[in-house]
$ cat entry-v2.csv   # CSV, N, CA and C atoms
chain,number,residue,atom,x,y,z
A,220,GLN,N,-11.3,16.1,-10.0
A,220,GLN,CA,-11.7,17.6,-10.2
A,220,GLN,C,-10.7,18.4,-9.3
A,221,VAL,N,-10.1,19.3,-10.0
A,221,VAL,CA,-9.2,20.2,-9.3
A,221,VAL,C,-9.9,21.2,-8.4
A,222,ARG,N,-9.4,21.3,-7.2
A,222,ARG,CA,-10.1,22.2,-6.3
A,222,ARG,C,-9.1,22.8,-5.4
A,223,PHE,N,-9.3,24.1,-5.1
A,223,PHE,CA,-8.5,24.9,-4.1
A,223,PHE,C,-9.4,25.4,-3.1
A,224,VAL,N,-8.9,25.4,-1.8
A,224,VAL,CA,-9.6,26.0,-0.7
A,224,VAL,C,-8.6,27.0,-0.1
A,225,GLU,N,-8.9,28.3,-0.4
A,225,GLU,CA,-8.0,29.4,0.1
A,225,GLU,C,-8.6,30.0,1.4
A,226,SER,N,-7.7,30.4,2.2
A,226,SER,CA,-8.1,31.0,3.5
A,226,SER,C,-7.0,31.9,4.0
A,227,GLY,N,-7.3,32.8,5.0
A,227,GLY,CA,-6.3,33.6,5.7
A,227,GLY,C,-6.3,35.0,5.3
A,228,GLY,N,-7.1,35.4,4.4
A,228,GLY,CA,-7.2,36.9,4.1
A,228,GLY,C,-7.9,37.7,5.1
A,229,GLY,N,-7.8,39.0,5.0
A,229,GLY,CA,-8.5,39.8,6.0
A,229,GLY,C,-7.9,41.2,6.0
A,230,LEU,N,-8.3,42.0,7.0
A,230,LEU,CA,-7.8,43.4,7.2
A,230,LEU,C,-6.7,43.4,8.2
A,231,VAL,N,-5.6,44.1,7.8
A,231,VAL,CA,-4.4,44.2,8.7
A,231,VAL,C,-3.9,45.6,8.5
A,232,GLN,N,-3.2,46.1,9.6
A,232,GLN,CA,-2.6,47.4,9.5
A,232,GLN,C,-1.3,47.3,8.8
A,233,PRO,N,-0.8,48.4,8.3
A,233,PRO,CA,0.5,48.5,7.7
A,233,PRO,C,1.6,48.0,8.7
A,234,GLY,N,2.5,47.2,8.2
A,234,GLY,CA,3.5,46.6,9.0
A,234,GLY,C,3.1,45.3,9.6
A,235,GLY,N,1.9,44.9,9.5
A,235,GLY,CA,1.3,43.7,10.1
A,235,GLY,C,1.6,42.5,9.2
A,236,SER,N,1.1,41.3,9.6
A,236,SER,CA,1.4,40.1,8.9
A,236,SER,C,0.1,39.3,8.7
A,237,LEU,N,0.1,38.5,7.7
A,237,LEU,CA,-1.0,37.5,7.4
A,237,LEU,C,-0.4,36.3,6.9
A,238,ARG,N,-1.0,35.1,7.0
A,238,ARG,CA,-0.6,33.9,6.4
A,238,ARG,C,-1.8,33.3,5.6
A,239,LEU,N,-1.6,33.2,4.3
A,239,LEU,CA,-2.6,32.6,3.4
A,239,LEU,C,-2.4,31.2,3.3
A,240,SER,N,-3.4,30.4,3.2
A,240,SER,CA,-3.3,29.0,3.0
A,240,SER,C,-4.1,28.6,1.7
A,241,CYS,N,-3.6,27.5,1.0
A,241,CYS,CA,-4.2,27.0,-0.2
A,241,CYS,C,-4.1,25.5,-0.1
A,242,ALA,N,-5.3,24.9,0.2
A,242,ALA,CA,-5.4,23.4,0.2
A,242,ALA,C,-5.8,22.9,-1.1
A,243,ALA,N,-5.0,22.1,-1.8
A,243,ALA,CA,-5.3,21.7,-3.2
A,243,ALA,C,-5.7,20.2,-3.2
A,244,SER,N,-6.5,19.9,-4.1
A,244,SER,CA,-6.9,18.5,-4.3
A,244,SER,C,-7.4,18.2,-5.7
A,245,GLY,N,-7.4,16.9,-6.1
A,245,GLY,CA,-7.9,16.6,-7.4
A,245,GLY,C,-6.9,16.5,-8.5
A,246,PHE,N,-5.6,16.6,-8.1
A,246,PHE,CA,-4.6,16.4,-9.1
A,246,PHE,C,-3.3,16.0,-8.4
A,247,THR,N,-2.3,15.5,-9.1
A,247,THR,CA,-1.0,15.1,-8.5
A,247,THR,C,-0.1,16.3,-8.4
A,248,LEU,N,0.0,16.7,-7.1
A,248,LEU,CA,0.7,18.0,-6.9
A,248,LEU,C,2.2,18.0,-7.4
A,249,ASP,N,2.8,16.8,-7.4
A,249,ASP,CA,4.2,16.8,-7.8
A,249,ASP,C,4.4,17.2,-9.3
A,250,ASP,N,3.4,17.1,-10.0
A,250,ASP,CA,3.5,17.5,-11.5
A,250,ASP,C,3.3,19.0,-11.7
A,251,TYR,N,3.1,19.7,-10.6
A,251,TYR,CA,2.7,21.1,-10.8
A,251,TYR,C,3.6,22.0,-9.9
A,252,GLY,N,3.5,23.3,-10.4
A,252,GLY,CA,4.0,24.4,-9.5
A,252,GLY,C,2.7,25.1,-9.0
A,253,ILE,N,2.8,25.5,-7.7
A,253,ILE,CA,1.7,26.2,-7.1
A,253,ILE,C,2.1,27.6,-6.8
A,254,GLY,N,1.3,28.5,-7.3
A,254,GLY,CA,1.7,29.9,-7.1
A,254,GLY,C,0.6,30.8,-6.5
A,255,TRP,N,1.0,31.9,-6.0
A,255,TRP,CA,0.1,32.9,-5.5
A,255,TRP,C,0.2,34.1,-6.4
A,256,LEU,N,-1.0,34.6,-6.8
A,256,LEU,CA,-1.1,35.8,-7.7
A,256,LEU,C,-2.0,36.8,-7.0
A,257,ARG,N,-2.0,38.0,-7.4
A,257,ARG,CA,-2.9,39.0,-6.8
A,257,ARG,C,-3.4,39.9,-7.9
A,258,GLN,N,-4.6,40.5,-7.6
A,258,GLN,CA,-5.2,41.5,-8.5
A,258,GLN,C,-5.7,42.7,-7.6
A,259,ALA,N,-5.1,43.8,-7.8
A,259,ALA,CA,-5.5,45.0,-7.1
A,259,ALA,C,-6.6,45.7,-7.9
A,260,PRO,N,-7.5,46.5,-7.3
A,260,PRO,CA,-8.5,47.2,-8.1
A,260,PRO,C,-8.0,48.0,-9.3
A,261,GLY,N,-8.6,47.7,-10.4
A,261,GLY,CA,-8.2,48.5,-11.6
A,261,GLY,C,-6.9,48.0,-12.2
A,262,LYS,N,-6.3,46.9,-11.7
A,262,LYS,CA,-5.0,46.5,-12.3
A,262,LYS,C,-5.1,45.0,-12.8
A,263,GLU,N,-4.1,44.6,-13.5
A,263,GLU,CA,-4.0,43.3,-14.0
A,263,GLU,C,-3.5,42.3,-12.9
A,264,HIS,N,-3.7,41.0,-13.2
A,264,HIS,CA,-3.2,40.0,-12.3
A,264,HIS,C,-1.7,40.1,-12.3
A,265,GLU,N,-1.1,39.9,-11.1
A,265,GLU,CA,0.4,40.0,-10.9
A,265,GLU,C,0.8,38.7,-10.2
A,266,GLY,N,1.8,38.1,-10.7
A,266,GLY,CA,2.4,36.9,-10.0
A,266,GLY,C,3.2,37.4,-8.8
A,267,VAL,N,2.9,36.7,-7.6
A,267,VAL,CA,3.6,37.1,-6.4
A,267,VAL,C,4.7,36.1,-6.0
A,268,SER,N,4.4,34.8,-6.1
A,268,SER,CA,5.4,33.8,-5.7
A,268,SER,C,4.9,32.5,-6.2
A,269,CYS,N,5.9,31.6,-6.4
A,269,CYS,CA,5.5,30.2,-6.9
A,269,CYS,C,6.5,29.2,-6.3
A,270,ILE,N,6.0,28.0,-6.1
A,270,ILE,CA,6.9,26.9,-5.6
A,270,ILE,C,6.7,25.7,-6.4
A,271,SER,N,7.8,25.1,-6.8
A,271,SER,CA,7.7,23.8,-7.5
A,271,SER,C,7.5,22.7,-6.5
A,272,MET,N,6.4,21.9,-6.6
A,272,MET,CA,6.0,20.9,-5.6
A,272,MET,C,7.0,19.7,-5.7
A,273,SER,N,7.6,19.5,-6.8
A,273,SER,CA,8.5,18.3,-6.9
A,273,SER,C,9.9,18.7,-6.4
A,274,GLU,N,10.4,19.9,-6.7
A,274,GLU,CA,11.8,20.4,-6.4
A,274,GLU,C,11.9,21.3,-5.2
A,275,GLY,N,10.8,22.0,-4.9
A,275,GLY,CA,10.8,22.9,-3.8
A,275,GLY,C,11.4,24.2,-4.1
A,276,THR,N,11.8,24.5,-5.3
A,276,THR,CA,12.4,25.8,-5.7
A,276,THR,C,11.3,26.8,-5.6
A,277,THR,N,11.7,28.0,-5.2
A,277,THR,CA,10.7,29.1,-5.0
A,277,THR,C,11.2,30.4,-5.8
A,278,TYR,N,10.2,31.1,-6.1
A,278,TYR,CA,10.4,32.4,-6.9
A,278,TYR,C,9.5,33.5,-6.3
A,279,TYR,N,10.0,34.7,-6.4
A,279,TYR,CA,9.2,35.8,-5.9
A,279,TYR,C,9.2,37.0,-6.8
A,280,ALA,N,8.2,37.8,-6.8
A,280,ALA,CA,8.2,39.1,-7.5
A,280,ALA,C,9.1,40.0,-6.7
A,281,ASP,N,9.8,40.9,-7.4
A,281,ASP,CA,10.7,41.9,-6.7
A,281,ASP,C,10.0,42.7,-5.6
A,282,SER,N,8.7,43.0,-5.8
A,282,SER,CA,7.9,43.8,-4.9
A,282,SER,C,7.7,43.1,-3.5
A,283,VAL,N,7.9,41.8,-3.4
A,283,VAL,CA,7.6,41.1,-2.2
A,283,VAL,C,8.8,40.4,-1.6
A,284,LYS,N,9.9,40.4,-2.3
A,284,LYS,CA,11.1,39.7,-1.8
A,284,LYS,C,11.6,40.3,-0.5
A,285,GLY,N,11.9,39.3,0.4
A,285,GLY,CA,12.3,39.7,1.7
A,285,GLY,C,11.1,39.9,2.7
A,286,ARG,N,9.9,40.0,2.2
A,286,ARG,CA,8.7,40.2,3.0
A,286,ARG,C,7.8,39.0,3.0
A,287,PHE,N,7.7,38.3,1.9
A,287,PHE,CA,6.8,37.2,1.7
A,287,PHE,C,7.6,35.9,1.6
A,288,THR,N,7.0,34.8,2.2
A,288,THR,CA,7.7,33.5,2.1
A,288,THR,C,6.6,32.5,1.7
A,289,ILE,N,6.9,31.7,0.6
A,289,ILE,CA,6.0,30.6,0.2
A,289,ILE,C,6.6,29.3,0.8
A,290,SER,N,5.7,28.4,1.2
A,290,SER,CA,6.1,27.2,1.8
A,290,SER,C,5.0,26.1,1.5
A,291,ARG,N,5.3,24.9,1.8
A,291,ARG,CA,4.4,23.8,1.5
A,291,ARG,C,4.4,22.8,2.7
A,292,ASP,N,3.2,22.2,2.8
A,292,ASP,CA,3.1,21.0,3.7
A,292,ASP,C,2.6,19.9,2.9
A,293,ASP,N,3.5,19.0,2.5
A,293,ASP,CA,3.1,17.9,1.6
A,293,ASP,C,2.1,17.0,2.2
A,294,ALA,N,2.1,16.8,3.5
A,294,ALA,CA,1.1,15.9,4.1
A,294,ALA,C,-0.3,16.4,4.0
A,295,LYS,N,-0.4,17.7,4.0
A,295,LYS,CA,-1.7,18.4,3.9
A,295,LYS,C,-2.1,18.9,2.5
A,296,ASN,N,-1.2,18.6,1.6
A,296,ASN,CA,-1.4,19.2,0.2
A,296,ASN,C,-1.7,20.7,0.3
A,297,THR,N,-1.0,21.4,1.1
A,297,THR,CA,-1.3,22.8,1.3
A,297,THR,C,0.0,23.6,1.1
A,298,VAL,N,-0.3,24.8,0.4
A,298,VAL,CA,0.8,25.8,0.2
A,298,VAL,C,0.4,27.0,1.0
A,299,TYR,N,1.4,27.6,1.6
A,299,TYR,CA,1.2,28.8,2.4
A,299,TYR,C,1.9,30.0,1.8
A,300,LEU,N,1.4,31.2,2.1
A,300,LEU,CA,2.1,32.4,1.8
A,300,LEU,C,2.1,33.3,3.1
A,301,GLN,N,3.3,33.3,3.7
A,301,GLN,CA,3.5,34.1,4.9
A,301,GLN,C,3.8,35.6,4.4
A,302,MET,N,3.0,36.5,4.8
A,302,MET,CA,3.2,37.9,4.4
A,302,MET,C,3.5,38.8,5.6
A,303,ASN,N,4.7,39.3,5.6
A,303,ASN,CA,5.2,40.2,6.7
A,303,ASN,C,5.4,41.6,6.2
A,304,ASN,N,5.4,42.5,7.2
A,304,ASN,CA,5.6,43.9,6.8
A,304,ASN,C,4.8,44.4,5.7
A,305,LEU,N,3.5,44.1,5.8
A,305,LEU,CA,2.5,44.4,4.7
A,305,LEU,C,2.4,45.9,4.5
A,306,LYS,N,2.2,46.3,3.3
A,306,LYS,CA,2.1,47.7,2.9
A,306,LYS,C,0.7,47.9,2.2
A,307,ALA,N,0.3,49.2,2.1
A,307,ALA,CA,-1.0,49.5,1.5
A,307,ALA,C,-1.1,48.9,0.1
A,308,GLU,N,0.1,49.0,-0.6
A,308,GLU,CA,0.1,48.5,-2.0
A,308,GLU,C,0.0,47.0,-2.1
A,309,ASP,N,0.0,46.3,-1.0
A,309,ASP,CA,-0.2,44.8,-1.1
A,309,ASP,C,-1.7,44.5,-1.1
A,310,THR,N,-2.6,45.5,-0.9
A,310,THR,CA,-4.0,45.3,-0.9
A,310,THR,C,-4.5,44.8,-2.3
A,311,ALA,N,-5.1,43.6,-2.3
A,311,ALA,CA,-5.6,42.9,-3.5
A,311,ALA,C,-6.4,41.7,-3.1
A,312,VAL,N,-7.0,41.1,-4.2
A,312,VAL,CA,-7.5,39.8,-4.1
A,312,VAL,C,-6.3,38.8,-4.4
A,313,TYR,N,-6.1,37.9,-3.5
A,313,TYR,CA,-5.0,36.9,-3.7
A,313,TYR,C,-5.5,35.6,-4.1
A,314,TYR,N,-4.9,35.0,-5.2
A,314,TYR,CA,-5.4,33.8,-5.8
A,314,TYR,C,-4.3,32.7,-5.7
A,315,CYS,N,-4.7,31.5,-5.4
A,315,CYS,CA,-3.9,30.4,-5.5
A,315,CYS,C,-4.1,29.7,-6.9
A,316,ALA,N,-3.0,29.3,-7.5
A,316,ALA,CA,-3.1,28.7,-8.9
A,316,ALA,C,-2.1,27.7,-9.1
A,317,ALA,N,-2.4,26.8,-10.1
A,317,ALA,CA,-1.5,25.7,-10.4
A,317,ALA,C,-1.0,25.8,-11.8
A,318,ILE,N,0.3,25.5,-12.1
A,318,ILE,CA,0.8,25.5,-13.4
A,318,ILE,C,1.4,24.1,-13.6
A,319,GLN,N,1.1,23.4,-14.7
A,319,GLN,CA,1.4,22.0,-15.0
A,319,GLN,C,2.9,21.9,-15.5
A,320,LYS,N,3.8,22.2,-14.6
A,320,LYS,CA,5.2,22.1,-14.8
A,320,LYS,C,5.9,21.6,-13.6
A,321,ARG,N,6.7,20.5,-13.7
A,321,ARG,CA,7.5,20.0,-12.6
A,321,ARG,C,8.7,20.9,-12.2
A,322,LEU,N,9.3,21.4,-13.3
A,322,LEU,CA,10.5,22.2,-13.1
A,322,LEU,C,10.1,23.7,-13.4
A,323,LEU,N,10.5,24.6,-12.5
A,323,LEU,CA,10.3,26.0,-12.8
A,323,LEU,C,11.7,26.7,-12.7
A,324,PHE,N,11.9,27.7,-13.6
A,324,PHE,CA,13.1,28.4,-13.7
A,324,PHE,C,12.9,29.9,-13.5
A,325,ARG,N,11.7,30.3,-13.3
A,325,ARG,CA,11.4,31.7,-13.1
A,325,ARG,C,10.0,31.8,-12.5
A,326,LEU,N,9.6,33.0,-12.1
A,326,LEU,CA,8.2,33.2,-11.7
A,326,LEU,C,7.3,33.2,-12.9
A,327,PRO,N,6.3,32.3,-13.0
A,327,PRO,CA,5.4,32.2,-14.2
A,327,PRO,C,4.6,33.5,-14.4
A,328,SER,N,4.2,33.8,-15.6
A,328,SER,CA,3.3,34.8,-15.9
A,328,SER,C,1.9,34.3,-15.5
A,329,PRO,N,1.0,35.3,-15.2
A,329,PRO,CA,-0.4,34.8,-14.8
A,329,PRO,C,-1.1,34.0,-15.9
A,330,TYR,N,-0.9,34.3,-17.2
A,330,TYR,CA,-1.6,33.5,-18.2
A,330,TYR,C,-1.1,32.1,-18.4
A,331,GLU,N,0.1,31.8,-17.7
A,331,GLU,CA,0.6,30.4,-17.8
A,331,GLU,C,0.0,29.4,-16.9
A,332,TYR,N,-0.8,29.9,-15.9
A,332,TYR,CA,-1.4,29.0,-14.9
A,332,TYR,C,-2.6,28.2,-15.5
A,333,ASP,N,-2.8,27.0,-15.1
A,333,ASP,CA,-3.8,26.1,-15.7
A,333,ASP,C,-5.1,26.1,-14.8
A,334,TYR,N,-4.9,26.2,-13.5
A,334,TYR,CA,-6.1,26.2,-12.6
A,334,TYR,C,-6.0,27.3,-11.6
A,335,TRP,N,-7.1,27.9,-11.2
A,335,TRP,CA,-7.2,29.0,-10.3
A,335,TRP,C,-8.1,28.7,-9.2
A,336,GLY,N,-7.8,29.3,-8.0
A,336,GLY,CA,-8.8,29.3,-6.9
A,336,GLY,C,-9.7,30.5,-7.0
A,337,GLN,N,-10.6,30.6,-6.0
A,337,GLN,CA,-11.6,31.6,-6.0
A,337,GLN,C,-11.1,33.0,-5.5
A,338,GLY,N,-10.0,33.0,-4.8
A,338,GLY,CA,-9.4,34.2,-4.3
A,338,GLY,C,-9.8,34.6,-2.9
A,339,THR,N,-8.9,35.3,-2.2
A,339,THR,CA,-9.2,35.8,-0.9
A,339,THR,C,-8.7,37.2,-0.7
A,340,GLN,N,-9.5,38.1,-0.1
A,340,GLN,CA,-9.2,39.5,-0.1
A,340,GLN,C,-8.2,39.8,1.0
A,341,VAL,N,-7.2,40.6,0.7
A,341,VAL,CA,-6.3,41.1,1.7
A,341,VAL,C,-6.3,42.6,1.6
A,342,THR,N,-6.6,43.2,2.7
A,342,THR,CA,-6.7,44.7,2.8
A,342,THR,C,-5.7,45.2,3.8
A,343,VAL,N,-4.8,46.1,3.4
A,343,VAL,CA,-3.8,46.7,4.3
A,343,VAL,C,-4.2,48.1,4.5
A,344,SER,N,-4.6,48.5,5.7
A,344,SER,CA,-5.1,49.8,5.9
A,344,SER,C,-5.1,50.1,7.4
A,345,SER,N,-4.8,51.4,7.7
A,345,SER,CA,-4.9,51.8,9.1
A,345,SER,C,-6.3,52.4,9.5
$ encode --input "entry-v2.csv" --output "structure tokens"
Amino acid sequence: QVRFVESGGGLVQPGGSLRLSCAASGFTLDDYGIGWLRQAPGKEHEGVSCISMSEGTTYYADSVKGRFTISRDDAKNTVYLQMNNLKAEDTAVYYCAAIQKRLLFRLPSPYEYDYWGQGTQVTVSS
């Protein structure tokens, strides 16, 4: 059974940082890419970043390049999203998701993901 445990969301002031964690289980991670997506109120889901678990290649949305970093801890089957210099427009529910592809050549679209976590709220406000 595929399962994600997401954590790390919360309230932070503009310019602050947060680190999201996604502990995955129930499938062979090397066969997948793990991504972070977000959905702001009244908007569609948006891909933020993704990492190939077999190759380690990473991809980012233009809106977060230079501010967000995705990484993995293979021993813990966990993927992280380090978010720095947060802005009000980063406020959203952030989801961890898995796409069944070993090789990635671009940031996947939200509809391409096969499994999703329950989401964690990130609010950037003073």
$ select_by_dssp --input "entry-v2.csv" --residues "chain A" --states "strand (DSSP E)" --output "PyMOL selection string"
chain A and resi 222-226+229-231+237-244+252-258+265-271+277-279+287-292+297-302+311-318+334-335+339-343
$ closest_residue --input "entry-v2.csv" --among "A:Ile318, A:Val267, A:Val298, A:Cys241" --to "Lys284 in chain A" --atoms "only C-alpha atoms"
A:Val267
$ residues_near_point --input "entry-v2.csv" --point "(-9.3, 31.7, -5.1)" --cutoff "7 Å" --atoms "only N, CA and C atoms" --output "NGL selection string"
:A and (223-225 or 313-315 or 335-339)
$ residues_around --input "entry-v2.csv" --residues "Ala280 in chain A" --least-positions-apart "2" --cutoff "7 Å" --atoms "all atoms listed in the file" --output "PyMOL selection string"
chain A and resi 266-269+278+282-284+326
$ closest_residue --input "entry-v2.csv" --among "A:Gly228, A:Ala317, A:Asp281, A:Val221" --to "Val343 in chain A" --atoms "only C-alpha atoms"
A:Gly228
$ closest_residue --input "entry-v2.csv" --among "A:Met302, A:Ala316, A:Ala311, A:Val341" --to "Arg238 in chain A" --atoms "all atoms listed in the file"
A:Met302
$ atom_distance --input "entry-v2.csv" --atom1 "CA of Ala259 in chain A" --atom2 "CA of Met272 in chain A"
26.7 Å
$ atom_distance --input "entry-v2.csv" --atom1 "atom C of Asp249 in chain A" --atom2 "CA of Thr288 in chain A"
20.2 Å
$ atom_distance --input "entry-v2.csv" --atom1 "atom N of Glu263 in chain A" --atom2 "atom N of Gly229 in chain A"
19.7 Å
$ residues_around --input "entry-v2.csv" --residues "Ser271 in chain A" --least-positions-apart "4" --cutoff "7 Å" --atoms "only C-alpha atoms" --output "ChimeraX atom specification"
/A:251-253,275-277,321-323
$ select_by_dssp --input "entry-v2.csv" --residues "chain A" --states "helix (DSSP H, G or I)" --output "number ranges by chain"
A: 248-250, 293-295, 307-309, 329-331
$ axis_aligned_box --input "entry-v2.csv" --around "range 220-234 of chain A" --padding-each-side "6 Å" --output "AutoDock Vina command-line options"
--center_x -4.1 --center_y 32.3 --center_z -0.3 --size_x 27.2 --size_y 44.4 --size_z 31.8
$ decode --input "entry-v2.csv" --residues "range 229-250 of chain A" --atoms "N, CA and C atoms" --output "PDB file, in the first residue's frame"
ATOM      1  N   GLY A 229       3.566  25.049   8.019  1.00  0.00           N
ATOM      2  CA  GLY A 229       3.280  25.953   9.116  1.00  0.00           C
ATOM      3  C   GLY A 229       3.178  27.390   8.656  1.00  0.00           C
ATOM      4  N   LEU A 230       3.223  28.287   9.639  1.00  0.00           N
ATOM      5  CA  LEU A 230       3.152  29.731   9.391  1.00  0.00           C
ATOM      6  C   LEU A 230       4.551  30.322   9.499  1.00  0.00           C
ATOM      7  N   VAL A 231       4.935  31.102   8.504  1.00  0.00           N
ATOM      8  CA  VAL A 231       6.261  31.729   8.498  1.00  0.00           C
ATOM      9  C   VAL A 231       6.147  33.123   7.923  1.00  0.00           C
ATOM     10  N   GLN A 232       7.012  34.017   8.368  1.00  0.00           N
ATOM     11  CA  GLN A 232       7.015  35.374   7.856  1.00  0.00           C
ATOM     12  C   GLN A 232       7.701  35.441   6.488  1.00  0.00           C
ATOM     13  N   PRO A 233       7.351  36.416   5.688  1.00  0.00           N
ATOM     14  CA  PRO A 233       8.057  36.599   4.408  1.00  0.00           C
ATOM     15  C   PRO A 233       9.564  36.679   4.622  1.00  0.00           C
ATOM     16  N   GLY A 234      10.302  36.000   3.756  1.00  0.00           N
ATOM     17  CA  GLY A 234      11.745  35.921   3.893  1.00  0.00           C
ATOM     18  C   GLY A 234      12.222  34.760   4.737  1.00  0.00           C
ATOM     19  N   GLY A 235      11.312  34.090   5.393  1.00  0.00           N
ATOM     20  CA  GLY A 235      11.662  32.966   6.255  1.00  0.00           C
ATOM     21  C   GLY A 235      11.837  31.669   5.490  1.00  0.00           C
ATOM     22  N   SER A 236      12.079  30.594   6.242  1.00  0.00           N
ATOM     23  CA  SER A 236      12.349  29.285   5.648  1.00  0.00           C
ATOM     24  C   SER A 236      11.513  28.202   6.320  1.00  0.00           C
ATOM     25  N   LEU A 237      11.246  27.163   5.566  1.00  0.00           N
ATOM     26  CA  LEU A 237      10.614  25.957   6.067  1.00  0.00           C
ATOM     27  C   LEU A 237      11.215  24.770   5.334  1.00  0.00           C
ATOM     28  N   ARG A 238      11.199  23.610   5.977  1.00  0.00           N
ATOM     29  CA  ARG A 238      11.592  22.373   5.301  1.00  0.00           C
ATOM     30  C   ARG A 238      10.461  21.364   5.410  1.00  0.00           C
ATOM     31  N   LEU A 239       9.965  20.942   4.248  1.00  0.00           N
ATOM     32  CA  LEU A 239       8.925  19.924   4.194  1.00  0.00           C
ATOM     33  C   LEU A 239       9.572  18.554   4.051  1.00  0.00           C
ATOM     34  N   SER A 240       8.947  17.562   4.677  1.00  0.00           N
ATOM     35  CA  SER A 240       9.424  16.187   4.595  1.00  0.00           C
ATOM     36  C   SER A 240       8.316  15.292   4.055  1.00  0.00           C
ATOM     37  N   CYS A 241       8.716  14.296   3.289  1.00  0.00           N
ATOM     38  CA  CYS A 241       7.771  13.314   2.733  1.00  0.00           C
ATOM     39  C   CYS A 241       8.392  11.935   2.906  1.00  0.00           C
ATOM     40  N   ALA A 242       7.870  11.172   3.864  1.00  0.00           N
ATOM     41  CA  ALA A 242       8.331   9.805   4.084  1.00  0.00           C
ATOM     42  C   ALA A 242       7.431   8.869   3.291  1.00  0.00           C
ATOM     43  N   ALA A 243       8.021   8.129   2.353  1.00  0.00           N
ATOM     44  CA  ALA A 243       7.256   7.278   1.446  1.00  0.00           C
ATOM     45  C   ALA A 243       7.451   5.808   1.798  1.00  0.00           C
ATOM     46  N   SER A 244       6.397   5.026   1.573  1.00  0.00           N
ATOM     47  CA  SER A 244       6.482   3.587   1.810  1.00  0.00           C
ATOM     48  C   SER A 244       5.470   2.875   0.938  1.00  0.00           C
ATOM     49  N   GLY A 245       5.667   1.556   0.790  1.00  0.00           N
ATOM     50  CA  GLY A 245       4.712   0.750   0.060  1.00  0.00           C
ATOM     51  C   GLY A 245       5.003   0.577  -1.408  1.00  0.00           C
ATOM     52  N   PHE A 246       6.129   1.090  -1.882  1.00  0.00           N
ATOM     53  CA  PHE A 246       6.496   0.886  -3.282  1.00  0.00           C
ATOM     54  C   PHE A 246       8.006   1.022  -3.417  1.00  0.00           C
ATOM     55  N   THR A 247       8.523   0.574  -4.562  1.00  0.00           N
ATOM     56  CA  THR A 247       9.970   0.637  -4.815  1.00  0.00           C
ATOM     57  C   THR A 247      10.318   2.034  -5.308  1.00  0.00           C
ATOM     58  N   LEU A 248      10.951   2.818  -4.459  1.00  0.00           N
ATOM     59  CA  LEU A 248      11.173   4.223  -4.780  1.00  0.00           C
ATOM     60  C   LEU A 248      12.021   4.422  -6.017  1.00  0.00           C
ATOM     61  N   ASP A 249      12.961   3.522  -6.314  1.00  0.00           N
ATOM     62  CA  ASP A 249      13.833   3.698  -7.475  1.00  0.00           C
ATOM     63  C   ASP A 249      13.075   3.687  -8.797  1.00  0.00           C
ATOM     64  N   ASP A 250      11.851   3.183  -8.791  1.00  0.00           N
ATOM     65  CA  ASP A 250      11.054   3.138 -10.017  1.00  0.00           C
ATOM     66  C   ASP A 250      10.246   4.412 -10.226  1.00  0.00           C
TER      67      ASP A 250
END
